[in-house]
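Peer 1: I have a structure here, written as structure tokens, and I will follow up with some questions on it.
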Protein chains: 2
Amino acid sequence: MTQPKPKTIAVWTSLVSANRILLDDIEDALKNEGLPKLSWYDALLEIEKAGGTGIRPYELKERLLLPQYGMSRLLDRMAKAGLIDRLDVEDDGRGQIIRLTQKGLNIRKAMWPIYAAALTRSVEPHFSQAEVTELARLLKKLTRA
Amino acid sequence: MTQPKPKTIAVWTSLVSANRILLDDIEDALKNEGLPKLSWYDALLEIEKAGGTGIRPYELKERLLLPQYGMSRLLDRMAKAGLIDRLDVEDDGRGQIIRLTQKGLNIRKAMWPIYAAALTRSVEPHFSQAEVTELARLLKKLTRA
DNA sequence: CTCAAGTAAATGCACTTGCATCTACATTGC
DNA sequence: GCAATGTAGATGCAAGTGCATTTACTTGAG
């Protein structure tokens, strides 16, 4: 059997903890401001990037790494909240195109300062500039299969 | 407003991705073997560490960073699955003591090789020994407020 | 002792997620 | 054209989670 090295375990446990701590901090900050959850931010931003052309749910789910049913329901809730429009596609009767509404854009923009501030205070105090760079480099290596 | 540096954002986004990728890989491996989820592993291991003395739910929830109701329900499910015993406490009528059953221990032990193998193959190929050490060091810094 | 305040754990309810399946349309091969 | 297969997205149901509150006990002040 392939036993992991102790350092490998240390990487994993601290990765999980770090993720939980930062995530909780950011989510708390957003909740305190009465803003949507972070997962909405990611979706809103991705839809915003797609611009006037919009984006199809199946593309969105791939970028956000969500399961198909999860994407479908997230879009339901965001549509109900008036943050997106769902439009029919010209040449594919099965599909739809998602576009950000003005309200969606406003919410996305309102979330950013809260998100950014939480992120900054959770990360920057711990590191020198060189360390942040190195950490980003090493973490990125983990994200490729 | 406190704008995060670009590298800070890079740390966060790659942290989230790395966490998701490894977590999904480990969870898939466990599911393929018909074993419980990773969150059960953590709880089982913590209870195992407490040994014959057992451990109180309120202590467990602090170590696992779970909300009180989450802990309560996780213990419900693990008890229903026969992996733990819940015993009354001598000197505190409100409380209970959690102890691992033999079955709980067996399951925890059965999970480890699967967990370990997934972890190893998701982490070690990407790094030199020096890099793993450095990554562990840097990540640990993020876990302290 | 007694009452107020505190702590351990459970729980009702609404919402979210996972899984499997379903519906609707599109594409391919004959 | 039209069956068979494929793909986009929705959905019923069971299980899990979050929030607020409740229940049961303990502790501490007077």
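Identifiers for the structure tokens are assigned positionally: chains receive A, B, ... in sequence, residues are indexed from 1 per chain, and ligands are indexed from 1 in the order shown.
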Give me the chain D side of the contact with chain B, cut-off 10 Å, one line per residue showing its nearest atom pair and distance in Å at one decimal, counting only C-alpha atoms (C1' of nucleotides), sorted by chain and residue number, as CSV.

Peer 2:
```
residue,atom,partner,partner_atom,distance
D:DG16,C1',B:Arg73,CA,9.4
D:DT17,C1',B:Gly70,CA,7.6
D:DG18,C1',B:Tyr69,CA,9.0
D:DC19,C1',B:Tyr69,CA,10.0
D:DT23,C1',B:Arg94,CA,9.9
D:DA24,C1',B:Arg94,CA,6.3
D:DC25,C1',B:Arg94,CA,5.0
D:DT26,C1',B:Asp92,CA,7.7
```

Peer 1: Mind dumping the selected residues with C-alpha atoms (C1' of nucleotides) as an mmCIF file, in the first residue's frame?

Peer 2:
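In the end it all went to again-v4.cif:
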```cif
data_model
loop_
_atom_site.group_PDB
_atom_site.id
_atom_site.type_symbol
_atom_site.label_atom_id
_atom_site.label_comp_id
_atom_site.auth_asym_id
_atom_site.auth_seq_id
_atom_site.Cartn_x
_atom_site.Cartn_y
_atom_site.Cartn_z
ATOM 1 C "C1'" DG D 16 -28.146 16.551 5.237
ATOM 2 C "C1'" DT D 17 -27.657 21.420 7.024
ATOM 3 C "C1'" DG D 18 -28.696 25.949 9.257
ATOM 4 C "C1'" DC D 19 -31.240 28.471 12.452
ATOM 5 C "C1'" DT D 23 -35.345 20.290 27.220
ATOM 6 C "C1'" DA D 24 -32.785 18.849 30.896
ATOM 7 C "C1'" DC D 25 -29.561 19.463 33.923
ATOM 8 C "C1'" DT D 26 -25.820 22.320 36.671
#
```

Peer 1: Which residues of chain D come within 12 Å of region 18-29 of chain C, and what is each one's closest atom pair and distance in Å (one decimal), counting only C-alpha atoms (C1' of nucleotides), sorted by chain and residue number, as a tab-separated table?

Peer 2:
```
residue	atom	partner	partner_atom	distance
D:DC2	C1'	C:DG29	C1'	10.5
D:DA3	C1'	C:DG29	C1'	9.6
D:DA4	C1'	C:DT28	C1'	8.6
D:DT5	C1'	C:DT28	C1'	7.9
D:DG6	C1'	C:DT27	C1'	7.4
D:DT7	C1'	C:DA26	C1'	7.6
D:DA8	C1'	C:DC25	C1'	8.3
D:DG9	C1'	C:DA24	C1'	8.9
D:DA10	C1'	C:DT23	C1'	7.9
D:DT11	C1'	C:DC22	C1'	7.8
D:DG12	C1'	C:DT21	C1'	8.8
D:DC13	C1'	C:DC19	C1'	9.2
D:DA14	C1'	C:DG18	C1'	8.9
D:DA15	C1'	C:DG18	C1'	8.1
D:DG16	C1'	C:DG18	C1'	9.4
```

Peer 1: Let's have chain A fitted on chain B; use all the C-alpha atoms paired in order for the least-squares step and return it as a compact mmCIF listing (two decimals) with C-alpha atoms, in the first residue's frame.

Peer 2:
```
# COMPACT_ATOMS: atom_id res chain seq x y z
CA MET A 1 -11.05 49.95 1.33
CA THR A 2 -8.47 47.23 1.77
CA GLN A 3 -7.85 45.83 -1.68
CA PRO A 4 -6.17 42.44 -1.62
CA LYS A 5 -3.00 42.05 -3.59
CA PRO A 6 -3.31 39.94 -6.72
CA LYS A 7 -1.17 37.24 -5.15
CA THR A 8 -3.54 37.07 -2.21
CA ILE A 9 -6.39 36.36 -4.57
CA ALA A 10 -4.29 33.77 -6.34
CA VAL A 11 -3.63 32.06 -3.02
CA TRP A 12 -7.31 31.96 -2.21
CA THR A 13 -8.55 30.74 -5.57
CA SER A 14 -5.94 28.02 -5.81
CA LEU A 15 -6.58 27.05 -2.20
CA VAL A 16 -10.25 26.58 -2.95
CA SER A 17 -9.57 24.63 -6.12
CA ALA A 18 -6.94 22.44 -4.55
CA ASN A 19 -9.21 21.67 -1.65
CA ARG A 20 -12.11 20.77 -3.94
CA ILE A 21 -10.00 18.59 -6.19
CA LEU A 22 -8.40 16.60 -3.40
CA LEU A 23 -11.62 16.32 -1.47
CA ASP A 24 -13.55 15.07 -4.48
CA ASP A 25 -10.85 12.55 -5.24
CA ILE A 26 -10.79 11.21 -1.70
CA GLU A 27 -14.57 11.13 -1.38
CA ASP A 28 -14.93 9.34 -4.68
CA ALA A 29 -12.41 6.73 -3.63
CA LEU A 30 -14.23 6.12 -0.35
CA LYS A 31 -17.60 5.96 -2.04
CA ASN A 32 -16.30 3.47 -4.57
CA GLU A 33 -15.38 1.18 -1.72
CA GLY A 34 -18.75 1.62 -0.06
CA LEU A 35 -17.15 3.35 2.90
CA PRO A 36 -18.43 6.36 4.85
CA LYS A 37 -17.58 9.93 4.04
CA LEU A 38 -14.41 11.65 5.10
CA SER A 39 -16.18 13.63 7.83
CA TRP A 40 -16.96 10.33 9.52
CA TYR A 41 -13.31 9.40 9.37
CA ASP A 42 -12.29 12.51 11.22
CA ALA A 43 -14.87 11.92 13.90
CA LEU A 44 -14.02 8.24 14.25
CA LEU A 45 -10.34 9.00 14.54
CA GLU A 46 -10.89 11.65 17.15
CA ILE A 47 -13.06 9.30 19.17
CA GLU A 48 -10.49 6.57 18.77
CA LYS A 49 -7.78 8.85 20.12
CA ALA A 50 -9.87 9.43 23.22
CA GLY A 51 -9.55 5.73 23.96
CA GLY A 52 -11.49 3.92 26.67
CA THR A 53 -12.16 7.14 28.53
CA GLY A 54 -14.32 8.33 25.68
CA ILE A 55 -15.01 11.92 24.82
CA ARG A 56 -17.84 14.36 25.31
CA PRO A 57 -19.73 15.70 22.29
CA TYR A 58 -18.95 19.30 23.20
CA GLU A 59 -15.24 18.55 23.12
CA LEU A 60 -15.56 16.68 19.90
CA LYS A 61 -17.39 19.51 18.17
CA GLU A 62 -14.59 21.88 19.07
CA ARG A 63 -11.90 19.62 17.70
CA LEU A 64 -13.82 18.97 14.52
CA LEU A 65 -15.02 22.55 14.11
CA LEU A 66 -18.60 21.42 13.74
CA PRO A 67 -21.69 23.30 14.92
CA GLN A 68 -23.39 21.80 17.93
CA TYR A 69 -26.42 20.54 16.04
CA GLY A 70 -24.19 19.11 13.35
CA MET A 71 -22.23 17.16 15.91
CA SER A 72 -25.39 15.93 17.56
CA ARG A 73 -26.74 14.60 14.29
CA LEU A 74 -23.49 13.10 13.12
CA LEU A 75 -23.35 11.18 16.39
CA ASP A 76 -26.95 10.07 15.81
CA ARG A 77 -26.06 8.61 12.46
CA MET A 78 -22.86 6.99 13.64
CA ALA A 79 -24.68 5.47 16.59
CA LYS A 80 -27.41 4.18 14.29
CA ALA A 81 -24.70 2.62 12.15
CA GLY A 82 -23.28 0.95 15.24
CA LEU A 83 -19.93 2.72 15.09
CA ILE A 84 -20.11 4.41 18.47
CA ASP A 85 -21.71 3.99 21.88
CA ARG A 86 -23.29 6.85 23.78
CA LEU A 87 -22.98 6.44 27.52
CA ASP A 88 -24.36 8.47 30.40
CA VAL A 89 -21.91 10.55 32.39
CA GLU A 90 -21.55 9.85 36.08
CA ASP A 91 -21.41 13.37 37.36
CA ASP A 92 -23.23 15.39 34.71
CA GLY A 93 -26.77 14.38 33.94
CA ARG A 94 -26.93 16.57 30.84
CA GLY A 95 -24.04 14.95 29.12
CA GLN A 96 -22.92 11.78 27.46
CA ILE A 97 -19.68 10.06 26.67
CA ILE A 98 -18.88 8.80 23.23
CA ARG A 99 -16.85 5.68 22.72
CA LEU A 100 -15.84 3.82 19.61
CA THR A 101 -17.26 0.35 19.10
CA GLN A 102 -15.22 -2.46 17.63
CA LYS A 103 -17.15 -1.99 14.41
CA GLY A 104 -16.32 1.70 14.47
CA LEU A 105 -12.67 0.90 14.84
CA ASN A 106 -12.80 -1.59 11.99
CA ILE A 107 -14.45 0.90 9.69
CA ARG A 108 -11.97 3.60 10.59
CA LYS A 109 -9.14 1.20 9.83
CA ALA A 110 -10.72 0.10 6.57
CA MET A 111 -11.00 3.70 5.44
CA TRP A 112 -7.40 4.59 5.99
CA PRO A 113 -5.73 2.78 3.09
CA ILE A 114 -8.24 4.19 0.64
CA TYR A 115 -7.91 7.67 2.07
CA ALA A 116 -4.13 7.42 2.18
CA ALA A 117 -3.79 6.18 -1.37
CA ALA A 118 -6.00 8.94 -2.75
CA LEU A 119 -4.06 11.52 -0.80
CA THR A 120 -0.70 10.24 -1.90
CA ARG A 121 -1.54 10.17 -5.57
CA SER A 122 -3.15 13.61 -5.41
CA VAL A 123 -0.26 15.30 -3.70
CA GLU A 124 3.09 13.61 -4.02
CA PRO A 125 3.50 13.50 -7.80
CA HIS A 126 3.42 17.29 -7.94
CA PHE A 127 6.22 18.08 -5.53
CA SER A 128 9.75 17.56 -4.48
CA GLN A 129 10.30 16.75 -0.83
CA ALA A 130 11.47 20.29 -0.18
CA GLU A 131 8.35 21.72 -1.78
CA VAL A 132 5.98 19.60 0.28
CA THR A 133 7.73 20.74 3.41
CA GLU A 134 7.54 24.36 2.38
CA LEU A 135 3.90 24.08 1.40
CA ALA A 136 3.01 22.50 4.72
CA ARG A 137 4.84 25.26 6.53
CA LEU A 138 3.12 28.05 4.63
CA LEU A 139 -0.34 26.53 4.90
CA LYS A 140 0.01 26.12 8.62
CA LYS A 141 0.53 29.84 8.93
CA LEU A 142 -2.92 30.39 7.49
CA THR A 143 -4.55 28.35 10.19
CA ARG A 144 -3.82 30.71 13.02
CA ALA A 145 -6.03 33.74 13.53
```

Peer 1: If I take C1' of DT22 (chain D) and C1' of DT17 (chain C), how far is one from the other in Å, to one decimal?

Peer 2: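 If I compute the distance from C1' of DT22 (chain D) to C1' of DT17 (chain C), I get 27.1 Å.
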
Peer 1: Taking the backbone alone, and naming residues the way the document does, which bits of region 62-138 of chain A are strand (DSSP E or B) by DSSP, as number ranges by chain?

Peer 2: A: 84-88, 96-100

Peer 1: Out of region 67-137 of chain A, which residues get alpha helix (DSSP H) from DSSP, as a PyMOL selection string?

Peer 2: chain A and resi 68-80+102-123+129-137

Peer 1: Those selected residues, please, written with C-alpha atoms and delivered as a compact mmCIF listing (two decimals), in the first residue's frame.

Peer 2:
```
# COMPACT_ATOMS: atom_id res chain seq x y z
CA GLN A 68 -25.69 19.63 -13.21
CA TYR A 69 -28.60 19.56 -10.80
CA GLY A 70 -26.77 21.90 -8.47
CA MET A 71 -26.29 24.40 -11.24
CA SER A 72 -29.90 24.11 -12.29
CA ARG A 73 -31.11 24.86 -8.80
CA LEU A 74 -28.66 27.64 -8.13
CA LEU A 75 -29.89 29.32 -11.30
CA ASP A 76 -33.47 28.82 -10.09
CA ARG A 77 -32.73 30.65 -6.88
CA MET A 78 -30.77 33.42 -8.52
CA ALA A 79 -33.53 33.91 -11.06
CA LYS A 80 -36.12 34.01 -8.29
CA GLN A 102 -28.64 45.05 -13.37
CA LYS A 103 -29.61 43.94 -9.90
CA GLY A 104 -27.33 40.94 -10.24
CA LEU A 105 -24.48 43.21 -11.19
CA ASN A 106 -25.17 45.51 -8.26
CA ILE A 107 -25.20 42.65 -5.82
CA ARG A 108 -21.99 41.22 -7.22
CA LYS A 109 -20.37 44.61 -6.86
CA ALA A 110 -21.69 45.06 -3.34
CA MET A 111 -20.23 41.73 -2.31
CA TRP A 112 -16.73 42.43 -3.49
CA PRO A 113 -15.53 44.88 -0.85
CA ILE A 114 -16.75 42.63 1.93
CA TYR A 115 -15.23 39.57 0.34
CA ALA A 116 -11.99 41.39 -0.40
CA ALA A 117 -11.61 42.79 3.09
CA ALA A 118 -12.18 39.41 4.72
CA LEU A 119 -9.69 37.82 2.37
CA THR A 120 -7.06 40.45 2.94
CA ARG A 121 -7.21 40.29 6.70
CA SER A 122 -7.22 36.49 6.69
CA VAL A 123 -4.22 36.12 4.45
CA GLN A 129 5.32 39.17 -0.21
CA ALA A 130 7.74 36.43 -1.18
CA GLU A 131 5.85 33.88 0.87
CA VAL A 132 2.48 34.72 -0.69
CA THR A 133 4.01 34.31 -4.10
CA GLU A 134 5.54 31.00 -3.20
CA LEU A 135 2.34 29.74 -1.61
CA ALA A 136 0.32 30.67 -4.67
CA ARG A 137 2.82 28.87 -6.86
```
